[in-house]
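A.B. asks: Can you keep this structure in mind? I'll have questions shortly.
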Amino acid sequence: GQPMDELAAGGIGLAFIAFPSIVSATSLGPIIGVLFFASLVFAGFTSMISIVEVCTAAIQEKLGLSRVKATLAVGLPMAAVSMLFLPTTTGLFFLDITDEFINKFGILLGAFAMVIALAWVLRKLPLLQAHLDRVSSVRFGRVWSILVGVVVPVVLGYILIREIITKIQTPYEGYPMGMLAVFGWGMAGLLIVGAILIAFTPWRRDTQTHIDEGDLDAKYEEIMQK
């Protein structure tokens with residue numbers, strides 16, 4: 001087995017091996033153990049709801065589905081994938097690889113693409129800067145635009161390129177390249193393709209996709225006066 005200090009570094013080993021071993025050695029071990037795992041279940045359940053809610057709300061607004069249909073459209077595929085892969089002996093490894101690549105590439109690339117689109121493609125930073133200066137108690141002016149339009153893309157781009165080079169040169173956690181290709185690079189690529197498809201999917205007809213800056217400021221003033 002692995003030393004306790006390695007298991008206690010975090011993740012599954014900490015929650016299901018190291019901590020139970022420590023708790024079992026105390027006089028109130030059974031009570032503390034029940035409370036701990038009950039809290040763990042509650043934390044996992046609420047976290048799952050918060051994650052699924054984001055996807056459900058996006059699908060509901062984009063496609064004009066009802067709440068129930070949007071929940072089923074998101075929840076059923078997620079449940080099917082979870083029951084197909086996670087109960088297996090290698091399920092934890094699949095989850096570890098997917099989580100690593102989605103966090104390192106999916107979220108990072110999404111933030112990078114969003115900043116580039118707003119700053120250099122749509123060129124909406126002056127509009128956002130003007131709005132922030134009107135509603136914020138602290139006015140940053142051009143400093144904010146420079147940070148968001150120049151500094152942030154450079155930093156995110158550097159981190160993204162560095163992570164790609166690192167993952168290519170050193171296989172993550174020593175996993176086989178086949179697993180990394182499917183559940184790592186494959187999932188990251190699937191996320192990009194899915195994001196593009198959803199972006200080009202037409203909005204429902206009654207969805208307001210254009211926000212008038214004047215109306216936005218008027219609504220803000222109305223809220224602040226209440």
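Letters for chains follow the order of the structure tokens (A, B, ...), residue numbers begin at 1 for each chain, and ligand numbers begin at 1 in the order shown.
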If we count only C-alpha atoms and set the cut-off at 12 Å, which residues sit around range 163-172 of chain A, ignoring sequence neighbours fewer than 4 positions away in its own chain? Please answer as a ChimeraX atom specification.
C.D. replies: /A:93-94,96-106,108-109,156-159,176-181,183-185,188
A.B. asks: List every residue of range 35-55 of chain A that has an atom at most 10 Å from any atom of range 70-79 of chain A, giving for each one its closest atom pair and the distance in Å to one decimal, counting only C-alpha atoms, sorted by chain and then by ascending residue number, as a tab-separated table.
C.D. replies:
```
residue	atom	partner	partner_atom	distance
A:Val52	CA	A:Gly75	CA	7.3
A:Glu53	CA	A:Thr71	CA	8.2
A:Cys55	CA	A:Val74	CA	6.9
```
A.B. asks: Step one, run DSSP on the backbone; step two, keep only residues of range 51-218 of chain A assigned to alpha helix (DSSP H); then write them as a count of residues only.
C.D. replies: 110
